[in-house]
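protein-v6.tsv (TSV, C-alpha atoms) appears below.
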chain	number	residue	atom	x	y	z
A	251	MET	CA	-14.60	64.72	21.47
A	252	ALA	CA	-14.32	61.78	23.88
A	253	LYS	CA	-15.42	62.42	27.42
A	254	SER	CA	-12.76	62.49	30.09
A	255	GLU	CA	-12.43	59.42	32.29
A	256	SER	CA	-13.69	61.38	35.29
A	257	SER	CA	-16.92	62.33	33.52
A	258	ILE	CA	-17.96	58.78	32.64
A	259	ILE	CA	-20.86	57.55	34.74
A	260	ARG	CA	-20.42	53.87	35.59
A	261	PRO	CA	-23.71	52.02	36.00
A	262	THR	CA	-24.01	48.86	38.08
A	263	LEU	CA	-25.03	45.60	36.42
A	264	HIS	CA	-28.69	45.09	37.30
A	265	HIS	CA	-29.96	41.97	35.51
A	266	TYR	CA	-29.64	39.81	32.45
A	267	GLY	CA	-32.24	38.15	30.26
A	268	LEU	CA	-32.45	34.66	28.81
A	269	THR	CA	-34.69	33.28	26.10
A	270	VAL	CA	-35.85	29.87	27.30
A	271	SER	CA	-38.09	26.98	26.33
A	272	ASN	CA	-38.63	25.10	29.62
A	273	THR	CA	-39.88	27.82	31.95
A	274	GLU	CA	-40.71	25.65	34.95
A	275	ALA	CA	-37.37	23.83	34.92
A	276	MET	CA	-35.50	27.13	34.72
A	277	LEU	CA	-37.54	28.74	37.52
A	278	ASP	CA	-36.96	25.70	39.71
A	279	TRP	CA	-33.21	25.52	39.03
A	280	TYR	CA	-32.52	29.18	39.70
A	281	SER	CA	-34.63	29.04	42.84
A	282	LYS	CA	-32.54	26.14	44.14
A	283	VAL	CA	-29.14	27.44	43.04
A	284	LEU	CA	-29.44	31.20	43.58
A	285	GLY	CA	-32.41	31.44	45.92
A	286	THR	CA	-34.47	33.42	43.44
A	287	SER	CA	-38.20	33.97	43.76
A	288	LEU	CA	-40.76	35.10	41.22
A	289	VAL	CA	-41.46	38.83	41.18
A	290	HIS	CA	-43.83	38.92	38.23
A	291	HIS	CA	-45.18	36.67	35.48
A	292	SER	CA	-46.66	38.02	32.27
A	293	ALA	CA	-48.49	36.05	29.59
A	294	LYS	CA	-48.23	39.06	27.27
A	295	PRO	CA	-44.83	40.71	27.83
A	296	ALA	CA	-44.99	42.47	24.44
A	297	GLY	CA	-48.65	43.37	24.75
A	298	ALA	CA	-50.86	42.59	21.78
A	299	GLN	CA	-47.76	41.76	19.70
A	300	THR	CA	-46.70	38.89	22.00
A	301	PRO	CA	-46.31	35.68	19.96
A	302	ALA	CA	-48.70	32.87	20.85
A	303	GLY	CA	-47.39	30.86	23.78
A	304	ALA	CA	-44.72	33.39	24.77
A	305	CYS	CA	-44.44	34.67	28.32
A	306	ALA	CA	-41.95	36.32	30.66
A	307	ASP	CA	-40.92	35.76	34.26
A	308	TRP	CA	-38.93	38.25	36.30
A	309	ILE	CA	-37.02	36.74	39.24
A	310	SER	CA	-34.76	38.11	41.97
A	311	ASN	CA	-32.69	36.88	44.92
A	312	ASP	CA	-32.41	40.24	46.66
A	313	LYS	CA	-34.34	43.51	46.96
A	314	ALA	CA	-33.92	44.42	43.28
A	315	ASN	CA	-37.14	44.29	41.29
A	316	HIS	CA	-35.48	41.55	39.23
A	317	ARG	CA	-32.04	40.07	38.56
A	318	ILE	CA	-32.93	37.66	35.76
A	319	ALA	CA	-35.61	37.88	33.09
A	320	LEU	CA	-36.71	34.56	31.60
A	321	ILE	CA	-38.38	35.09	28.25
A	322	THR	CA	-40.18	31.96	27.06
A	323	VAL	CA	-40.36	31.71	23.29
A	324	PRO	CA	-42.18	28.76	21.67
A	325	GLY	CA	-40.19	26.60	19.27
A	326	LEU	CA	-36.68	27.26	20.57
A	327	THR	CA	-34.26	24.41	19.94
A	328	GLU	CA	-30.90	23.32	21.30
A	329	ASP	CA	-27.96	24.81	19.39
A	330	ALA	CA	-25.61	21.90	18.70
A	331	GLU	CA	-23.06	24.34	17.24
A	332	ARG	CA	-23.24	26.78	20.17
A	333	SER	CA	-19.49	26.62	20.83
A	334	HIS	CA	-18.92	27.84	17.26
A	335	HIS	CA	-21.31	30.78	17.54
A	336	ARG	CA	-21.07	34.09	19.32
A	337	HIS	CA	-23.00	33.93	22.59
A	338	LEU	CA	-22.97	34.98	26.23
A	339	GLN	CA	-20.32	32.61	27.59
A	340	HIS	CA	-21.24	32.70	31.28
A	341	VAL	CA	-22.61	34.78	34.13
A	342	ALA	CA	-21.19	34.81	37.65
A	343	PHE	CA	-22.48	35.34	41.17
A	344	GLU	CA	-20.18	36.11	44.11
A	345	TYR	CA	-20.27	34.86	47.68
A	346	ALA	CA	-18.78	36.79	50.58
A	347	SER	CA	-16.29	34.03	51.39
A	348	VAL	CA	-14.90	30.74	50.11
A	349	ASP	CA	-16.61	29.02	53.05
A	350	ASP	CA	-19.97	30.31	51.79
A	351	LEU	CA	-19.13	29.04	48.31
A	352	LEU	CA	-18.19	25.60	49.64
A	353	ALA	CA	-21.31	25.47	51.81
A	354	SER	CA	-23.41	26.20	48.74
A	355	TYR	CA	-21.54	23.51	46.82
A	356	SER	CA	-22.40	20.96	49.53
A	357	ARG	CA	-26.05	22.03	49.68
A	358	LEU	CA	-26.45	21.75	45.92
A	359	LYS	CA	-24.62	18.42	45.75
A	360	GLU	CA	-27.17	16.97	48.17
A	361	ILE	CA	-29.93	17.74	45.66
A	362	ARG	CA	-27.83	16.41	42.76
A	363	ILE	CA	-26.78	19.73	41.30
A	364	GLU	CA	-23.02	19.54	40.79
A	365	PRO	CA	-20.51	21.75	39.00
A	366	VAL	CA	-19.12	20.68	35.65
A	367	LEU	CA	-15.85	22.34	36.62
A	368	ALA	CA	-14.29	23.78	39.78
A	369	ALA	CA	-11.08	25.78	39.92
A	370	ASP	CA	-8.87	27.98	42.05
A	371	THR	CA	-7.85	30.73	39.62
A	372	GLY	CA	-5.61	32.47	42.10
A	373	ALA	CA	-7.88	35.48	42.36
A	374	THR	CA	-11.01	33.45	43.00
A	375	THR	CA	-12.31	30.00	43.77
A	376	ALA	CA	-15.10	29.12	41.35
A	377	CYS	CA	-17.64	26.41	40.62
A	378	TYR	CA	-19.22	26.34	37.17
A	379	TYR	CA	-22.71	24.90	36.68
A	380	LEU	CA	-24.94	24.31	33.68
A	381	ASP	CA	-28.57	25.36	34.05
A	382	PRO	CA	-31.31	23.18	32.46
A	383	GLU	CA	-30.80	24.90	29.09
A	384	HIS	CA	-27.00	24.67	29.22
A	385	ASN	CA	-26.21	28.27	30.15
A	386	VAL	CA	-23.02	28.45	32.23
A	387	VAL	CA	-23.48	29.90	35.72
A	388	GLU	CA	-20.37	30.54	37.79
A	389	LEU	CA	-20.51	30.72	41.59
A	390	LEU	CA	-17.36	32.24	43.05
A	391	ALA	CA	-15.63	33.80	46.03
A	392	ASP	CA	-12.67	36.18	46.09
A	393	ASN	CA	-9.65	34.38	47.55
A	394	PHE	CA	-8.32	37.62	49.00
A	395	GLY	CA	-11.61	38.87	50.38
A	396	ASP	CA	-10.55	42.19	48.88
A	397	TRP	CA	-11.22	43.31	45.31
A	398	ASP	CA	-8.21	45.64	45.31
A	399	LYS	CA	-5.87	42.79	46.22
A	400	SER	CA	-7.35	40.28	43.80
A	401	SER	CA	-7.30	42.87	41.01
A	402	GLU	CA	-3.64	43.57	41.72
A	403	PHE	CA	-2.96	39.81	41.62
A	404	MET	CA	-4.60	39.54	38.20
A	405	ARG	CA	-2.65	42.53	36.88
A	406	THR	CA	0.77	41.48	38.13
A	407	SER	CA	0.95	37.72	38.81
A	408	PRO	CA	3.11	35.77	36.32
A	409	ASP	CA	1.21	32.61	37.35
A	410	PHE	CA	-2.12	34.18	36.45
A	411	ALA	CA	-0.73	35.40	33.13
A	412	THR	CA	0.45	31.86	32.38
A	413	ARG	CA	-2.71	30.00	33.46
A	414	PRO	CA	-5.71	32.27	34.11
A	415	LEU	CA	-8.00	29.33	34.85
A	416	GLY	CA	-5.62	28.23	37.60
A	417	LYS	CA	-5.85	24.69	38.91
A	418	PHE	CA	-8.87	22.43	38.80
A	419	VAL	CA	-9.92	21.44	42.32
A	420	ASP	CA	-12.04	18.99	44.29
A	421	PRO	CA	-14.36	21.11	46.49
A	422	ASP	CA	-14.92	18.12	48.80
A	423	ALA	CA	-11.18	17.96	49.51
A	424	MET	CA	-11.17	21.67	50.28
A	425	ILE	CA	-14.10	21.22	52.66
A	426	ALA	CA	-12.29	18.36	54.38
A	427	ALA	CA	-9.17	20.49	54.75
A	428	ARG	CA	-11.15	23.30	56.37
A	429	ALA	CA	-12.77	20.77	58.72
A	430	LYS	CA	-9.27	19.67	59.80
A	431	GLY	CA	-8.49	23.22	60.88
A	432	LEU	CA	-6.62	24.66	57.90
A	433	SER	CA	-7.32	28.33	57.36
A	434	ALA	CA	-9.06	29.52	54.23
A	435	GLU	CA	-5.77	31.09	53.13
A	436	GLU	CA	-3.93	27.78	53.60
A	437	VAL	CA	-6.58	25.88	51.67
A	438	HIS	CA	-6.36	28.41	48.84
A	439	ARG	CA	-2.57	28.16	48.75
A	440	LYS	CA	-2.69	24.37	48.58
A	441	ALA	CA	-5.50	24.40	46.01
A	442	TYR	CA	-3.59	26.82	43.78
A	443	ALA	CA	-0.55	24.58	44.09
A	444	GLY	CA	-2.59	21.66	42.76
A	445	GLU	CA	-2.83	19.72	46.03
A	446	TYR	CA	-6.61	19.15	45.77
A	447	PRO	CA	-7.00	17.71	42.25
A	448	PRO	CA	-10.48	16.72	41.06
A	449	THR	CA	-11.50	13.07	41.33
A	450	LYS	CA	-12.81	13.08	37.76
A	451	PRO	CA	-11.51	14.73	34.58
A	452	MET	CA	-12.55	18.33	34.02
A	453	ASP	CA	-12.63	19.77	30.50
A	454	PRO	CA	-12.89	23.56	30.10
A	455	LYS	CA	-14.45	23.00	26.67
A	456	VAL	CA	-17.73	22.30	28.48
A	457	LEU	CA	-17.82	26.02	29.31
A	458	MET	CA	-17.57	27.07	25.69

With the file now loaded, output its structure as structure tokens.
Amino acid sequence: MAKSESSIIRPTLHHYGLTVSNTEAMLDWYSKVLGTSLVHHSAKPAGAQTPAGACADWISNDKANHRIALITVPGLTEDAERSHHRHLQHVAFEYASVDDLLASYSRLKEIRIEPVLAADTGATTACYYLDPEHNVVELLADNFGDWDKSSEFMRTSPDFATRPLGKFVDPDAMIAARAKGLSAEEVHRKAYAGEYPPTKPMDPKVLM
């Protein structure tokens, strides 16, 4: 017999793991993008059965013992057919406000880390990045500043039903608009209306 809805215990997402080949590049990228630091490194994560050259690094950007596990496995290769295979499509990290998201965008742009796609989806504003091994990492902020309101928007908005990815945007134009005194709500409204189009083509296939 299925358990009743009220009896289901809902755990909180704690971390995810990635198999990687370039450990140092991945540690450096996540440190710069998410502010992670190394919690523990192990040269023998599987004990005596650890393959030669394998290792593991546990990293975190908050008080959790780790948020990402990087498992280095020798001999991994790029999957040229990745978009045709089942895989984890992306992971996402949320900022408290769109201003925080845009500030992070500016900081990362200064060190030549730029999103491959940026969009106002209606519910959120999001920047999508590729890490050094081409995993998609989304940085986002809730446009409503309220999960209940953004969830209701996703459930009921005809616009969201028609185009869930919303409108592609130019984060620099949004930053300029905020600097001119427009409120975050006004900037979102204009972005969702397509008034801040990107300066270069954006193709959602890069996220696949």

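Only residues having an atom at most 9 Å from (-31.7, 35.1, 36.9) are included; using all atoms listed in the file, these are His265, Tyr266, Gly267, Leu268, Leu277, Tyr280, Ser281, Leu284, Thr286, Trp308, Ile309, Ser310, Asn311, His316, Arg317, Ile318, Ala319 and Leu320 of chain A.
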
Could you save those same residues with C-alpha atoms as an mmCIF file, in the coordinates of the input?
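File written: selection-v6.cif
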data_model
loop_
_atom_site.group_PDB
_atom_site.id
_atom_site.type_symbol
_atom_site.label_atom_id
_atom_site.label_comp_id
_atom_site.auth_asym_id
_atom_site.auth_seq_id
_atom_site.Cartn_x
_atom_site.Cartn_y
_atom_site.Cartn_z
ATOM 1 C CA HIS A 265 -29.960 41.970 35.510
ATOM 2 C CA TYR A 266 -29.640 39.810 32.450
ATOM 3 C CA GLY A 267 -32.240 38.150 30.260
ATOM 4 C CA LEU A 268 -32.450 34.660 28.810
ATOM 5 C CA LEU A 277 -37.540 28.740 37.520
ATOM 6 C CA TYR A 280 -32.520 29.180 39.700
ATOM 7 C CA SER A 281 -34.630 29.040 42.840
ATOM 8 C CA LEU A 284 -29.440 31.200 43.580
ATOM 9 C CA THR A 286 -34.470 33.420 43.440
ATOM 10 C CA TRP A 308 -38.930 38.250 36.300
ATOM 11 C CA ILE A 309 -37.020 36.740 39.240
ATOM 12 C CA SER A 310 -34.760 38.110 41.970
ATOM 13 C CA ASN A 311 -32.690 36.880 44.920
ATOM 14 C CA HIS A 316 -35.480 41.550 39.230
ATOM 15 C CA ARG A 317 -32.040 40.070 38.560
ATOM 16 C CA ILE A 318 -32.930 37.660 35.760
ATOM 17 C CA ALA A 319 -35.610 37.880 33.090
ATOM 18 C CA LEU A 320 -36.710 34.560 31.600
#

At a cut-off of 8 Å, using all atoms listed in the file, what residues contact region 270-275 of chain A? Leave out same-chain residues fewer than 6 positions from it and give the result as a compact mmCIF listing (two decimals) with C-alpha atoms, in the coordinates of the input.
# COMPACT_ATOMS: atom_id res chain seq x y z
CA LEU A 320 -36.71 34.56 31.60
CA ILE A 321 -38.38 35.09 28.25
CA THR A 322 -40.18 31.96 27.06
CA VAL A 323 -40.36 31.71 23.29
CA PRO A 324 -42.18 28.76 21.67
CA GLY A 325 -40.19 26.60 19.27
CA LEU A 326 -36.68 27.26 20.57
CA THR A 327 -34.26 24.41 19.94
CA PRO A 382 -31.31 23.18 32.46
CA GLU A 383 -30.80 24.90 29.09

- Exercise: region 426-431 of chain A partners within 12 Å, only C-alpha atoms, chain neighbours under 2 positions left out, as a list of chain:residue names: A:Val348, A:Asp349, A:Leu352, A:Ala353, A:Ser356, A:Asp420, A:Pro421, A:Asp422, A:Ala423, A:Met424, A:Ser433, A:Ala434, A:Glu435, A:Glu436, A:Val437, A:His438, A:Arg439, A:Lys440, A:Ala441, A:Glu445, A:Tyr446

- Message: Show me the residues close to (-11.8, 24.5, 30.2) - anything with an atom within 10 Å, counting only C-alpha atoms - and format the list as an MDAnalysis selection string.
- Response: chainID A and resid 366:369 415 418 452:458

Resulting file, chosen residues, C-alpha atoms, as a short mmCIF file (atom, residue, chain, number, x, y, z; two decimals), in the frame of the given file:
data_model
loop_
_atom_site.label_atom_id
_atom_site.label_comp_id
_atom_site.auth_asym_id
_atom_site.auth_seq_id
_atom_site.Cartn_x
_atom_site.Cartn_y
_atom_site.Cartn_z
CA VAL A 366 -19.12 20.68 35.65
CA LEU A 367 -15.85 22.34 36.62
CA ALA A 368 -14.29 23.78 39.78
CA ALA A 369 -11.08 25.78 39.92
CA LEU A 415 -8.00 29.33 34.85
CA PHE A 418 -8.87 22.43 38.80
CA MET A 452 -12.55 18.33 34.02
CA ASP A 453 -12.63 19.77 30.50
CA PRO A 454 -12.89 23.56 30.10
CA LYS A 455 -14.45 23.00 26.67
CA VAL A 456 -17.73 22.30 28.48
CA LEU A 457 -17.82 26.02 29.31
CA MET A 458 -17.57 27.07 25.69
#

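CA of Leu263 (chain A) sits 20.5 Å away from CA of Gly395 (chain A).
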
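You will find CA of Gly297 (chain A) at 23.2 Å from CA of Met276 (chain A).
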
Please report, as lines of an AutoDock Vina configuration file, the centre and edge lengths in Å to one decimal of an axis-aligned box covering all listed atoms of region 261-280 of chain A with 4 Å per side.
center_x = -32.2
center_y = 37.9
center_z = 32.9
size_x = 25.0
size_y = 36.2
size_z = 21.6

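With distances taken over all atoms listed in the file, A:Thr269 is the one residue among A:Gly372, A:Glu328, A:Thr269, A:His340 lying closest to Asp307 (chain A).
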
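With CA of Leu338 (chain A) on one side and CA of Glu360 (chain A) on the other, the separation reads 28.7 Å.
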
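The closest residue to Ala306 (chain A), picked from A:Thr449, A:Ser292, A:Thr406, A:Ser333 and counting all atoms listed in the file, is A:Ser292.
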